[in-house]
$ cat protein09.txt   # compact mmCIF, C-alpha atoms
# COMPACT_ATOMS: atom_id res chain seq x y z
CA MET A 3 0.00 0.00 0.00
CA HIS A 4 1.26 3.48 -0.75
CA LYS A 5 -0.08 6.98 -0.37
CA THR A 6 -2.25 8.59 -3.02
CA LEU A 7 0.00 9.83 -5.77
CA THR A 8 -0.43 13.37 -7.05
CA ASP A 9 -0.75 14.16 -10.75
CA LYS A 10 2.82 15.41 -10.89
CA VAL A 11 4.25 12.31 -9.25
CA ILE A 12 2.31 10.08 -11.66
CA ASN A 13 3.55 12.14 -14.55
CA ARG A 14 7.17 11.85 -13.45
CA LEU A 15 6.86 8.13 -12.72
CA THR A 16 5.74 7.50 -16.32
CA LEU A 17 8.83 9.38 -17.49
CA TYR A 18 11.07 7.27 -15.22
CA HIS A 19 9.31 4.25 -16.71
CA SER A 20 10.26 5.39 -20.19
CA ILE A 21 13.91 5.87 -19.17
CA LEU A 22 13.94 2.43 -17.52
CA SER A 23 12.59 0.81 -20.70
CA ASP A 24 15.48 2.31 -22.64
CA TYR A 25 18.01 1.11 -20.05
CA ILE A 26 16.57 -2.40 -20.03
CA GLU A 27 16.67 -2.49 -23.82
CA LYS A 28 20.37 -1.64 -23.57
CA LYS A 29 20.74 -4.40 -20.95
CA ILE A 30 21.80 -1.97 -18.21
CA GLU A 31 20.98 -3.50 -14.84
CA TYR A 32 21.15 -0.53 -12.49
CA ILE A 33 20.26 3.16 -12.59
CA SER A 34 20.91 5.83 -9.96
CA SER A 35 18.64 8.69 -8.94
CA PRO A 36 21.15 11.31 -10.22
CA GLN A 37 21.12 9.55 -13.60
CA ILE A 38 17.33 9.74 -13.79
CA ALA A 39 17.39 13.32 -12.51
CA GLU A 40 19.84 14.40 -15.18
CA PHE A 41 17.59 13.15 -17.99
CA LEU A 42 14.66 15.17 -16.70
CA HIS A 43 16.58 18.18 -15.40
CA VAL A 44 15.06 17.74 -11.97
CA ASP A 45 16.59 17.39 -8.53
CA ASN A 46 17.63 13.87 -7.54
CA THR A 47 16.02 14.29 -4.11
CA GLN A 48 12.73 14.56 -6.02
CA VAL A 49 13.45 11.33 -7.89
CA ARG A 50 14.26 9.49 -4.67
CA LYS A 51 11.12 10.83 -2.99
CA ASP A 52 8.87 9.80 -5.92
CA ILE A 53 10.30 6.29 -5.94
CA ALA A 54 10.01 5.96 -2.17
CA MET A 55 6.33 6.90 -2.54
CA ILE A 56 5.69 3.66 -4.45
CA GLY A 57 7.54 1.66 -1.84
CA TYR A 58 10.72 0.84 -3.74
CA LYS A 59 14.22 1.16 -2.32
CA GLY A 60 17.51 1.39 -4.18
CA LYS A 61 20.68 -0.35 -3.14
CA CYS A 62 23.44 1.69 -1.60
CA LYS A 63 26.08 2.74 -4.19
CA VAL A 64 24.54 0.85 -7.16
CA GLY A 65 21.10 2.45 -7.25
CA TYR A 66 17.86 0.94 -8.48
CA LYS A 67 17.56 -2.38 -10.28
CA THR A 68 16.06 -1.34 -13.63
CA ASP A 69 13.68 -4.28 -14.14
CA GLU A 70 12.45 -4.26 -10.54
CA LEU A 71 11.79 -0.52 -10.50
CA LYS A 72 10.02 -0.72 -13.87
CA ASN A 73 7.75 -3.46 -12.50
CA GLN A 74 7.07 -1.53 -9.33
CA ILE A 75 5.99 1.55 -11.32
CA GLU A 76 3.77 -0.62 -13.51
CA GLU A 77 2.11 -2.04 -10.44
CA ALA A 78 1.64 1.32 -8.71
CA LEU A 79 0.14 2.91 -11.83
CA LYS A 80 -1.85 -0.21 -12.78
CA PHE A 81 -0.33 -0.56 -16.24
CA LYS A 82 -1.33 -4.23 -16.22
CA THR A 83 -5.01 -3.37 -15.76
CA VAL A 84 -6.56 -3.42 -19.23
CA LYS A 85 -8.47 -0.23 -20.01
CA THR A 86 -10.52 -0.74 -23.15
CA ALA A 87 -11.05 2.35 -25.28
CA VAL A 88 -12.23 3.47 -28.70
CA ILE A 89 -11.18 6.48 -30.76
CA VAL A 90 -14.05 8.64 -31.98
CA GLY A 91 -12.97 10.68 -34.98
CA ALA A 92 -10.62 9.20 -37.60
CA GLY A 93 -8.96 12.46 -38.66
CA ASN A 94 -5.25 13.21 -38.36
CA LEU A 95 -5.23 13.27 -34.59
CA GLY A 96 -7.34 10.11 -34.26
CA MET A 97 -5.04 8.34 -36.71
CA ALA A 98 -1.92 9.57 -34.90
CA LEU A 99 -3.28 8.18 -31.63
CA ALA A 100 -4.28 4.89 -33.30
CA LYS A 101 -0.71 4.50 -34.51
CA TYR A 102 0.75 5.27 -31.11
CA ASP A 103 1.72 1.78 -29.98
CA ASN A 104 2.88 2.99 -26.59
CA PHE A 105 -0.69 3.00 -25.27
CA GLU A 106 -0.60 -0.77 -24.89
CA ALA A 107 2.37 -0.61 -22.55
CA TYR A 108 0.21 1.44 -20.19
CA GLY A 109 -2.74 -0.91 -20.34
CA PHE A 110 -4.81 1.03 -22.86
CA LYS A 111 -6.33 -1.25 -25.46
CA ILE A 112 -7.79 0.63 -28.42
CA THR A 113 -10.31 -1.78 -29.94
CA ALA A 114 -11.92 0.29 -32.67
CA MET A 115 -12.27 3.70 -34.28
CA PHE A 116 -15.41 5.54 -35.30
CA ASP A 117 -16.19 8.14 -37.92
CA ASN A 118 -19.15 9.21 -40.04
CA ASP A 119 -17.24 9.59 -43.31
CA PRO A 120 -18.31 6.67 -45.60
CA GLN A 121 -14.85 6.80 -47.25
CA LYS A 122 -13.26 5.88 -43.95
CA ILE A 123 -15.62 3.16 -42.74
CA GLY A 124 -13.98 -0.25 -43.03
CA ILE A 125 -10.38 0.90 -43.32
CA LYS A 126 -7.88 -0.25 -40.72
CA ILE A 127 -5.36 2.00 -38.98
CA ASN A 128 -2.71 -0.03 -37.19
CA ASP A 129 -5.11 -3.00 -37.03
CA LYS A 130 -7.95 -0.88 -35.67
CA GLU A 131 -11.02 -0.89 -37.89
CA VAL A 132 -13.02 2.29 -38.49
CA PHE A 133 -16.75 1.77 -37.88
CA ASN A 134 -19.75 3.99 -38.38
CA LEU A 135 -20.66 5.77 -35.18
CA THR A 136 -24.08 4.08 -35.29
CA GLU A 137 -22.31 0.82 -34.40
CA LEU A 138 -20.84 2.20 -31.20
CA MET A 139 -23.32 0.62 -28.83
CA GLU A 140 -22.80 -2.86 -30.27
CA ILE A 141 -19.00 -2.64 -30.18
CA LYS A 142 -19.04 -1.12 -26.72
CA GLU A 143 -20.99 -4.11 -25.40
CA LYS A 144 -18.88 -6.62 -27.30
CA PHE A 145 -15.52 -5.38 -26.03
CA GLY A 146 -16.54 -3.84 -22.71
CA VAL A 147 -15.47 -0.37 -23.76
CA LYS A 148 -15.46 2.21 -20.95
CA ILE A 149 -13.39 5.02 -22.47
CA ALA A 150 -13.92 7.11 -25.60
CA ILE A 151 -11.06 9.18 -26.95
CA LEU A 152 -12.73 12.14 -28.62
CA THR A 153 -10.90 13.62 -31.62
CA VAL A 154 -13.75 14.97 -33.75
CA PRO A 155 -13.76 18.53 -35.15
CA ARG A 156 -14.77 21.25 -32.71
CA LYS A 157 -18.20 21.84 -34.23
CA PHE A 158 -19.30 18.22 -33.72
CA ALA A 159 -17.83 17.83 -30.25
CA GLN A 160 -20.96 18.39 -28.14
CA GLU A 161 -23.30 16.49 -30.46
CA VAL A 162 -21.02 13.45 -30.54
CA THR A 163 -20.53 13.67 -26.77
CA ASP A 164 -24.31 13.52 -26.26
CA PHE A 165 -24.33 10.38 -28.38
CA LEU A 166 -21.44 8.82 -26.42
CA VAL A 167 -23.24 9.48 -23.15
CA LYS A 168 -26.47 7.99 -24.53
CA SER A 169 -24.50 4.93 -25.60
CA GLY A 170 -23.24 4.35 -22.07
CA ILE A 171 -19.65 5.60 -22.32
CA LYS A 172 -18.48 6.65 -18.85
CA TYR A 173 -15.07 8.22 -19.48
CA ILE A 174 -14.28 10.71 -22.21
CA TRP A 175 -10.72 11.72 -23.02
CA ASN A 176 -11.45 15.01 -24.74
CA PHE A 177 -8.91 16.17 -27.32
CA THR A 178 -11.24 18.80 -28.79
CA PRO A 179 -10.78 22.40 -27.68
CA CYS A 180 -14.39 22.44 -26.39
CA VAL A 181 -15.54 22.27 -22.82
CA LEU A 182 -18.17 19.53 -23.00
CA SER A 183 -21.45 19.56 -21.17
CA VAL A 184 -22.13 16.11 -19.63
CA PRO A 185 -24.16 14.59 -16.76
CA CYS A 186 -22.44 14.38 -13.36
CA ASP A 187 -21.69 10.64 -13.54
CA ILE A 188 -19.62 11.03 -16.72
CA GLN A 189 -15.93 11.73 -16.28
CA VAL A 190 -14.31 14.05 -18.80
CA TRP A 191 -10.57 14.47 -18.97
CA ASN A 192 -9.77 17.60 -20.98
CA GLU A 193 -6.51 17.01 -22.79
CA ASN A 194 -5.81 20.65 -22.70
CA LEU A 195 -2.59 20.70 -24.70
CA ILE A 196 -2.29 24.44 -24.71
CA GLY A 197 -2.90 24.71 -20.97
CA ASN A 198 -0.18 22.20 -20.26
CA PHE A 199 2.28 23.89 -22.53
CA LEU A 200 1.57 27.51 -21.58
CA GLN A 201 3.17 27.25 -18.16
CA PHE A 202 6.34 26.23 -19.94
CA THR A 203 6.41 29.18 -22.32
CA VAL A 204 5.73 31.96 -19.86
CA ASP A 205 9.29 33.20 -20.30
CA VAL A 206 9.37 32.84 -24.10
CA ASP A 207 8.85 36.16 -25.83
CA ASP A 208 9.13 37.56 -29.28
CA ASN A 209 12.11 39.83 -28.66
CA MET B 7 0.71 42.17 -10.65
CA HIS B 8 -0.48 38.81 -9.40
CA LYS B 9 1.03 35.82 -7.71
CA THR B 10 2.76 33.05 -9.62
CA LEU B 11 0.11 30.76 -11.03
CA THR B 12 0.47 27.03 -10.57
CA ASP B 13 0.15 24.58 -13.46
CA LYS B 14 -3.32 23.59 -12.36
CA VAL B 15 -4.57 27.16 -12.14
CA ILE B 16 -3.17 27.92 -15.61
CA ASN B 17 -4.84 24.78 -16.92
CA ARG B 18 -8.22 25.74 -15.48
CA LEU B 19 -7.92 29.35 -16.64
CA THR B 20 -7.48 28.17 -20.25
CA LEU B 21 -10.65 26.10 -19.85
CA TYR B 22 -12.54 29.13 -18.48
CA HIS B 23 -11.21 31.02 -21.48
CA SER B 24 -12.69 28.42 -23.80
CA ILE B 25 -16.09 28.64 -22.07
CA LEU B 26 -15.96 32.45 -22.24
CA SER B 27 -15.26 32.34 -25.98
CA ASP B 28 -18.40 30.24 -26.47
CA TYR B 29 -20.47 32.62 -24.34
CA ILE B 30 -19.19 35.67 -26.20
CA GLU B 31 -19.96 33.98 -29.51
CA LYS B 32 -23.51 33.51 -28.26
CA LYS B 33 -23.53 37.19 -27.20
CA ILE B 34 -24.00 36.37 -23.50
CA GLU B 35 -22.67 39.27 -21.46
CA TYR B 36 -22.29 37.75 -18.00
CA ILE B 37 -21.29 34.40 -16.52
CA SER B 38 -21.35 33.31 -12.88
CA SER B 39 -18.82 31.15 -11.05
CA PRO B 40 -21.40 28.35 -10.51
CA GLN B 41 -22.03 28.31 -14.26
CA ILE B 42 -18.34 27.90 -15.01
CA ALA B 43 -18.02 25.35 -12.19
CA GLU B 44 -20.85 23.25 -13.59
CA PHE B 45 -19.18 22.94 -17.00
CA LEU B 46 -15.98 21.63 -15.44
CA HIS B 47 -17.52 19.65 -12.57
CA VAL B 48 -15.44 21.60 -10.07
CA ASP B 49 -16.37 23.57 -7.00
CA ASN B 50 -17.36 27.18 -7.59
CA THR B 51 -15.14 28.34 -4.72
CA GLN B 52 -12.26 27.06 -6.81
CA VAL B 53 -13.43 29.08 -9.80
CA ARG B 54 -13.73 32.24 -7.73
CA LYS B 55 -10.28 31.69 -6.21
CA ASP B 56 -8.64 31.14 -9.62
CA ILE B 57 -10.20 34.29 -11.02
CA ALA B 58 -9.26 36.33 -7.96
CA MET B 59 -5.67 35.15 -8.49
CA ILE B 60 -5.51 37.09 -11.77
CA GLY B 61 -6.96 40.16 -10.10
CA TYR B 62 -10.45 40.15 -11.58
CA LYS B 63 -13.62 40.67 -9.59
CA GLY B 64 -17.16 39.73 -10.52
CA LYS B 65 -20.19 41.91 -9.87
CA CYS B 66 -22.55 40.94 -7.10
CA LYS B 67 -25.55 38.96 -8.38
CA VAL B 68 -24.66 39.16 -12.11
CA GLY B 69 -21.21 37.55 -12.05
CA TYR B 70 -18.30 38.18 -14.41
CA LYS B 71 -18.45 40.24 -17.57
CA THR B 72 -17.53 37.69 -20.26
CA ASP B 73 -15.41 39.93 -22.49
CA GLU B 74 -13.55 41.54 -19.57
CA LEU B 75 -12.74 38.23 -17.90
CA LYS B 76 -11.59 36.76 -21.22
CA ASN B 77 -9.24 39.72 -21.71
CA GLN B 78 -7.94 39.46 -18.18
CA ILE B 79 -7.10 35.77 -18.67
CA GLU B 80 -5.38 36.55 -21.96
CA GLU B 81 -3.28 39.17 -20.26
CA ALA B 82 -2.38 36.99 -17.27
CA LEU B 83 -1.37 34.06 -19.49
CA LYS B 84 0.28 36.27 -22.11
CA PHE B 85 -1.81 35.03 -25.02
CA LYS B 86 -0.99 38.25 -26.88
CA THR B 87 2.74 37.53 -26.73
CA VAL B 88 3.66 35.89 -30.01
CA LYS B 89 5.51 32.61 -29.54
CA THR B 90 6.97 31.53 -32.86
CA ALA B 91 7.25 27.78 -33.36
CA VAL B 92 7.87 25.14 -36.00
CA ILE B 93 6.59 21.58 -36.20
CA VAL B 94 9.30 18.99 -36.76
CA GLY B 95 7.80 15.81 -38.23
CA ALA B 96 4.96 16.00 -40.77
CA GLY B 97 3.29 12.69 -39.88
CA ASN B 98 -0.28 12.34 -38.61
CA LEU B 99 0.36 14.05 -35.31
CA GLY B 100 2.36 16.90 -36.87
CA MET B 101 -0.41 17.42 -39.41
CA ALA B 102 -3.10 17.33 -36.73
CA LEU B 103 -1.26 20.02 -34.78
CA ALA B 104 -0.71 22.10 -37.94
CA LYS B 105 -4.46 22.04 -38.55
CA TYR B 106 -5.25 23.00 -34.98
CA ASP B 107 -6.16 26.66 -35.44
CA ASN B 108 -6.64 27.22 -31.74
CA PHE B 109 -2.90 27.64 -31.24
CA GLU B 110 -3.09 31.16 -32.65
CA ALA B 111 -5.60 32.25 -30.02
CA TYR B 112 -2.97 31.46 -27.40
CA GLY B 113 -0.19 33.32 -29.15
CA PHE B 114 1.49 30.33 -30.79
CA LYS B 115 2.42 31.08 -34.37
CA ILE B 116 3.41 27.98 -36.32
CA THR B 117 5.52 29.30 -39.18
CA ALA B 118 6.70 26.11 -40.88
CA MET B 119 6.92 22.33 -40.74
CA PHE B 120 9.92 20.09 -41.31
CA ASP B 121 10.35 16.54 -42.49
CA ASN B 122 12.94 14.49 -44.35
CA ASP B 123 10.51 12.72 -46.68
CA PRO B 124 11.04 14.17 -50.21
CA GLN B 125 7.37 13.42 -50.97
CA LYS B 126 6.30 15.85 -48.28
CA ILE B 127 8.73 18.71 -48.93
CA GLY B 128 6.92 21.65 -50.49
CA ILE B 129 3.36 20.67 -49.57
CA LYS B 130 1.31 23.00 -47.41
CA ILE B 131 -0.76 21.95 -44.41
CA ASN B 132 -3.15 24.70 -43.33
CA ASP B 133 -0.88 27.27 -45.02
CA LYS B 134 2.24 25.92 -43.32
CA GLU B 135 4.87 24.76 -45.79
CA VAL B 136 6.87 21.59 -45.18
CA PHE B 137 10.62 22.16 -45.54
CA ASN B 138 13.59 19.83 -45.46
CA LEU B 139 15.13 19.72 -42.02
CA THR B 140 18.40 21.01 -43.51
CA GLU B 141 16.69 24.39 -43.95
CA LEU B 142 15.84 24.72 -40.27
CA MET B 143 18.64 27.12 -39.38
CA GLU B 144 17.72 29.54 -42.17
CA ILE B 145 14.00 29.55 -41.33
CA LYS B 146 14.72 29.82 -37.64
CA GLU B 147 16.74 33.00 -38.22
CA LYS B 148 14.23 34.44 -40.69
CA PHE B 149 11.19 34.07 -38.41
CA GLY B 150 12.84 34.22 -34.99
CA VAL B 151 11.74 30.70 -34.08
CA LYS B 152 12.33 29.76 -30.46
CA ILE B 153 10.16 26.64 -30.09
CA ALA B 154 10.23 23.31 -31.93
CA ILE B 155 7.25 20.98 -31.61
CA LEU B 156 8.73 17.52 -31.98
CA THR B 157 6.48 14.89 -33.58
CA VAL B 158 8.98 12.57 -35.29
CA PRO B 159 8.89 8.77 -34.85
CA ARG B 160 10.43 7.47 -31.64
CA LYS B 161 13.56 6.08 -33.28
CA PHE B 162 14.59 9.46 -34.72
CA ALA B 163 13.71 11.51 -31.63
CA GLN B 164 17.20 11.86 -30.10
CA GLU B 165 19.00 12.34 -33.39
CA VAL B 166 16.61 15.09 -34.48
CA THR B 167 16.81 16.68 -31.02
CA ASP B 168 20.60 16.88 -31.30
CA PHE B 169 20.11 18.66 -34.62
CA LEU B 170 17.55 21.08 -33.14
CA VAL B 171 19.92 21.95 -30.32
CA LYS B 172 22.79 22.47 -32.76
CA SER B 173 20.52 24.76 -34.79
CA GLY B 174 19.90 26.97 -31.76
CA ILE B 175 16.36 25.92 -30.78
CA LYS B 176 15.88 26.67 -27.07
CA TYR B 177 12.47 25.14 -26.28
CA ILE B 178 11.32 21.69 -27.36
CA TRP B 179 7.71 20.58 -26.96
CA ASN B 180 8.28 16.86 -27.05
CA PHE B 181 5.38 14.73 -28.31
CA THR B 182 7.53 11.62 -28.76
CA PRO B 183 7.43 8.97 -26.04
CA CYS B 184 11.21 9.38 -25.53
CA VAL B 185 12.95 11.14 -22.72
CA LEU B 186 15.39 13.37 -24.62
CA SER B 187 18.94 14.05 -23.58
CA VAL B 188 19.73 17.78 -23.98
CA PRO B 189 22.14 20.37 -22.55
CA CYS B 190 21.05 22.23 -19.42
CA ASP B 191 20.12 25.47 -21.16
CA ILE B 192 17.55 23.74 -23.39
CA GLN B 193 14.02 23.48 -22.03
CA VAL B 194 12.09 20.33 -22.86
CA TRP B 195 8.39 20.05 -22.15
CA ASN B 196 7.40 16.38 -22.30
CA GLU B 197 3.84 16.20 -23.57
CA ASN B 198 3.34 13.05 -21.65
CA LEU B 199 -0.18 12.22 -22.79
CA ILE B 200 -0.31 8.93 -21.01
CA GLY B 201 0.98 10.38 -17.77
CA ASN B 202 -1.69 13.06 -17.84
CA PHE B 203 -4.44 10.63 -18.57
CA LEU B 204 -3.41 7.82 -16.20
CA GLN B 205 -4.40 9.72 -13.08
CA PHE B 206 -7.88 9.93 -14.51
CA THR B 207 -8.22 6.22 -15.19
CA VAL B 208 -7.01 4.87 -11.87
CA ASP B 209 -10.53 3.73 -11.06
CA VAL B 210 -11.29 2.28 -14.50
CA ASP B 211 -10.90 -1.47 -14.57
CA ASP B 212 -11.73 -4.30 -16.89
CA ASN B 213 -14.44 -5.91 -14.80
$ encode --input "protein09.txt" --output "structure tokens"
Amino acid sequence: MHKTLTDKVINRLTLYHSILSDYIEKKIEYISSPQIAEFLHVDNTQVRKDIAMIGYKGKCKVGYKTDELKNQIEEALKFKTVKTAVIVGAGNLGMALAKYDNFEAYGFKITAMFDNDPQKIGIKINDKEVFNLTELMEIKEKFGVKIAILTVPRKFAQEVTDFLVKSGIKYIWNFTPCVLSVPCDIQVWNENLIGNFLQFTVDVDDN
Amino acid sequence: MHKTLTDKVINRLTLYHSILSDYIEKKIEYISSPQIAEFLHVDNTQVRKDIAMIGYKGKCKVGYKTDELKNQIEEALKFKTVKTAVIVGAGNLGMALAKYDNFEAYGFKITAMFDNDPQKIGIKINDKEVFNLTELMEIKEKFGVKIAILTVPRKFAQEVTDFLVKSGIKYIWNFTPCVLSVPCDIQVWNENLIGNFLQFTVDVDDN
């Protein structure tokens, strides 16, 4: 058992996980907190604190065992729990996400895509078939889909959301720039790219 | 002058901004904190606190004036400061970002795209021309580019990053799943989609 992890800790742990995957691929058995810290330009005290939060301890002088720490992060963040999702909107962003194989490593299983363009129905993007949105309910039941990744154009965002809610989708990962109106029992995660990035560019100017 | 805003406050303020834009489009003059709170399923005390942080006050009973609050957010988050950027990698994700007109509203000006695929050089995506990466230095100088949005495939991420750094790019918005190794004076913002989303799916399971 470990304490509730904050958003920032979770975010950093996934980055450590990515570094560990690279190390393991290169058959490197140990990594130290200063090594991790250097990659991310953070303080190594922070790295040690984050890792202690998930109940893992390094060995004096040699550091963390790469495979053990990777496993521990996967357990803490439930990467092994399968989270079945569909992508709604087979435009550029939807296709980019469908091609993003890394989702699987985190337990996200994208089972299908949806669009209303007849030209797109039936094609496969990275083994994911594009279906007509009218078939959502059936596919949702068949695969036990809980999450919809919404990548439709802005003007259709609310209308499609209403349909997702009616079809029984409970979690919406919203990539549109719209703030969606949904009932209280529906969880919306606004993937607010600009909001995330803005904090980082506060000191960029056009001088 | 207002206090330093945390990541979360900035994130919420951009969402309020989006709601305000919709209201203004519908010619609605006032909005209350409970109305904003309802859209985002947050507490209205939170909304009031965030808005007080940027030094804006609502009017008793009627709430906030939509156009004034929108302006105040834009000022606080420096949306009017032009931040010149290029997209490196003209694949699906790069193209999706190039088509995302909302960037401009936040002060991001995407001046060009880069790729190494001869088939893509010279095409225009939403008025943004795709250039060969070898021309980066020249275009960077011409337009005063500070930011590179990195959307190349995983296996080229580090190599291209080294080239960006050599070309004098100071800020990298990293959409690849790699943790990049860069000198200390280069700022990397890891757009860690999975990390952002994971916290939201902790209670989703496959039962």
$ interface_residues --input "protein09.txt" --of "chain B" --to "chain A" --cutoff "8 Å" --atoms "all atoms listed in the file" --output "ChimeraX atom specification"
/B:13,16-18,20-21,24-25,45-47,83-84,87-90,97-99,101-103,108-109,112,150,152,179,183-188,190,195,197-206,208,210-212
$ residues_around --input "protein09.txt" --residues "range 67-77 of chain B" --least-positions-apart "4" --cutoff "9 Å" --atoms "all atoms listed in the file" --output "number ranges by chain"
B: 22-24, 26-27, 29-30, 34-39, 57, 62-63, 81-82
$ atom_distance --input "protein09.txt" --atom1 "CA of Phe120 in chain B" --atom2 "CA of Leu139 in chain B"
5.3 Å
$ atom_distance --input "protein09.txt" --atom1 "CA of Glu140 in chain A" --atom2 "CA of Asn128 in chain A"
21.4 Å
$ atom_distance --input "protein09.txt" --atom1 "CA of Thr157 in chain B" --atom2 "CA of Gly95 in chain B"
4.9 Å
$ closest_residue --input "protein09.txt" --among "A:Lys122, A:Arg50, A:Lys130, A:Lys144" --to "Ile89 in chain A" --atoms "all atoms listed in the file"
A:Lys130
$ closest_residue --input "protein09.txt" --among "B:Met119, B:Glu147, B:Cys66, B:Glu80" --to "Glu135 in chain B" --atoms "only C-alpha atoms"
B:Met119
